[in-house]
Amino acid sequence: MKLKLFFMIALFFLFAGCEYETSLTDEHKIPVDKAVLGLWEAVPEKDRVSDPKNRVSDSEERLMVLKYTDTEYIVHYPTGDEGFYFKGYPIRIGGISCVQIRLIGDSNGDIKTGEKKYQVVSYQFVNGELEIKTLNTDLVDKNIKDRNKLKTAFLKNKNKGELFTNPVRFRKAVKKG
């Protein structure tokens with residue numbers, strides 16, 4: 001139970017917990033990564049396996065990533081009646097590849113986060129699973145409201161290993177039956 005609660009909190013902060021009032025950049029010329037497109041299911045840490053073929057899927061936390069344009073994603077998380085919708089785009093700042101995401105609404109069409117609509121995430125594939133991390137607000141202060149200051153703070157900390165934290169993993173959803 002404790003693990004599930006921690007996992008749910010981590011997932012909430014990953015996507016719904018948008019931290020920034022401004023984007024790191026609005027420029028997006030990098031093509032979307034087709035490998036991240038599709039339906040993904042959350043992987044609790046205790047269920048991570050080195051061989052993704054040896055698993056049974058019962059995760060209810062799902063992430064849908066769709067291509068919106070050649071350089072933009074639409075993300076729905078969690079899928080279902082209470083989900084949030086995001087627009088995302090790959091960016092590269094100071095040699096660091098990441099994805100800028102912006103909350104665009106919830107399943108009711110509302111944005112309930114006030115002015116904090118942006119988050120920056122990184123991702124990598126680990127043993128066939130998609131690992132997503134969020135920008136570390138201890139290094140890049142979430143209270144920065146000016147885009148240039150936000151970028152300066154990001155660049156100042158770009159070489160620190162903990163620039164992105166709170167890893168959450170997803171695996172491609174498997175059809176049941």
# chains A, B, ... in the order shown; residues from 1 in each chain; ligands from 1

call {"tool": "residues_around", "arguments": {"residues": "Tyr85 in chain A", "least_positions_apart": "3", "cutoff": "7 Å", "atoms": "only C-alpha atoms", "output": "list in words"}}
result
Val75, His76, Tyr77, Leu103, Ile104, Gly105 and Asp106 of chain A

call {"tool": "write_last_selection", "arguments": {"atoms": "N, CA and C atoms", "output": "CSV table (one decimal), in the first residue's frame"}}
result
chain,number,residue,atom,x,y,z
A,75,VAL,N,-0.3,14.7,-25.1
A,75,VAL,CA,-0.1,13.7,-24.1
A,75,VAL,C,-1.4,13.7,-23.2
A,76,HIS,N,-1.9,12.5,-23.0
A,76,HIS,CA,-3.1,12.3,-22.1
A,76,HIS,C,-2.6,11.5,-20.9
A,77,TYR,N,-2.7,12.0,-19.7
A,77,TYR,CA,-2.3,11.3,-18.5
A,77,TYR,C,-3.1,11.7,-17.3
A,103,LEU,N,0.5,22.1,-19.7
A,103,LEU,CA,-0.8,21.7,-19.4
A,103,LEU,C,-1.8,22.5,-20.2
A,104,ILE,N,-2.7,21.8,-21.0
A,104,ILE,CA,-3.7,22.5,-21.8
A,104,ILE,C,-5.1,22.2,-21.3
A,105,GLY,N,-5.3,21.3,-20.4
A,105,GLY,CA,-6.6,21.1,-19.8
A,105,GLY,C,-6.8,19.7,-19.1
A,106,ASP,N,-7.9,19.5,-18.5
A,106,ASP,CA,-8.2,18.2,-17.9
A,106,ASP,C,-9.4,17.6,-18.7

call {"tool": "residues_around", "arguments": {"residues": "range 32-39 of chain A", "least_positions_apart": "4", "cutoff": "6 Å", "atoms": "only C-alpha atoms", "output": "JSON, numbers by chain"}}
result
{"A": [63, 64, 65, 66, 71, 173]}

call {"tool": "write_last_selection", "arguments": {"atoms": "C-alpha atoms", "output": "PDB file, in the first residue's frame"}}
result
ATOM      1  CA  LEU A  63      -0.071   7.441 -20.514  1.00  0.00           C
ATOM      2  CA  MET A  64      -1.026   8.136 -24.134  1.00  0.00           C
ATOM      3  CA  VAL A  65       1.501   9.975 -26.293  1.00  0.00           C
ATOM      4  CA  LEU A  66       0.371  11.036 -29.766  1.00  0.00           C
ATOM      5  CA  THR A  71       7.551  18.699 -33.717  1.00  0.00           C
ATOM      6  CA  ALA A 173       0.676  -1.391 -22.856  1.00  0.00           C
TER       7      ALA A 173
END

call {"tool": "residues_around", "arguments": {"residues": "His28 in chain A", "least_positions_apart": "6", "cutoff": "12 Å", "atoms": "only C-alpha atoms", "output": "tab-separated table (two decimals) with N, CA and C atoms, in the first residue's frame"}}
result
chain	number	residue	atom	x	y	z
A	69	THR	N	2.01	17.35	-34.31
A	69	THR	CA	2.63	17.85	-35.53
A	69	THR	C	3.98	17.15	-35.63
A	70	ASP	N	4.76	17.49	-36.61
A	70	ASP	CA	6.09	16.88	-36.75
A	70	ASP	C	7.00	17.19	-35.57
A	71	THR	N	6.70	18.28	-34.82
A	71	THR	CA	7.55	18.70	-33.72
A	71	THR	C	6.82	18.79	-32.38
A	72	GLU	N	5.58	18.28	-32.32
A	72	GLU	CA	4.80	18.40	-31.08
A	72	GLU	C	4.06	17.11	-30.75
A	73	TYR	N	3.94	16.87	-29.45
A	73	TYR	CA	3.16	15.75	-28.94
A	73	TYR	C	1.87	16.28	-28.29
A	87	LYS	N	0.46	19.51	-24.10
A	87	LYS	CA	1.14	19.68	-25.37
A	87	LYS	C	2.62	19.66	-25.03
A	88	GLY	N	3.38	18.91	-25.76
A	88	GLY	CA	4.81	18.81	-25.48
A	88	GLY	C	5.63	18.91	-26.74
A	89	TYR	N	6.86	19.32	-26.58
A	89	TYR	CA	7.75	19.39	-27.73
A	89	TYR	C	9.19	19.18	-27.29
A	90	PRO	N	9.94	18.42	-28.09
A	90	PRO	CA	11.35	18.20	-27.79
A	90	PRO	C	12.13	19.50	-27.90
A	91	ILE	N	13.04	19.71	-26.96
A	91	ILE	CA	13.91	20.89	-26.98
A	91	ILE	C	15.34	20.45	-26.67
A	92	ARG	N	16.26	21.31	-27.00
A	92	ARG	CA	17.67	21.09	-26.66
A	92	ARG	C	18.20	22.42	-26.17
A	93	ILE	N	18.59	22.46	-24.90
A	93	ILE	CA	19.11	23.67	-24.27
A	93	ILE	C	20.49	23.36	-23.71
A	97	SER	N	19.08	17.43	-24.07
A	97	SER	CA	17.81	17.12	-24.73
A	97	SER	C	16.76	16.83	-23.68
A	98	CYS	N	15.59	17.42	-23.86
A	98	CYS	CA	14.49	17.21	-22.94
A	98	CYS	C	13.19	17.56	-23.65
A	99	VAL	N	12.10	17.54	-22.92
A	99	VAL	CA	10.80	17.84	-23.51
A	99	VAL	C	10.12	18.89	-22.64
A	100	GLN	N	9.70	19.97	-23.26
A	100	GLN	CA	8.92	21.01	-22.59
A	100	GLN	C	7.46	20.60	-22.70
A	101	ILE	N	6.75	20.54	-21.57
A	101	ILE	CA	5.33	20.21	-21.63
A	101	ILE	C	4.51	21.35	-21.03

call {"tool": "residues_around", "arguments": {"residues": "Tyr118 in chain A", "least_positions_apart": "3", "cutoff": "9 Å", "atoms": "only C-alpha atoms", "output": "ChimeraX atom specification"}}
result
/A:17-24,100-103,115
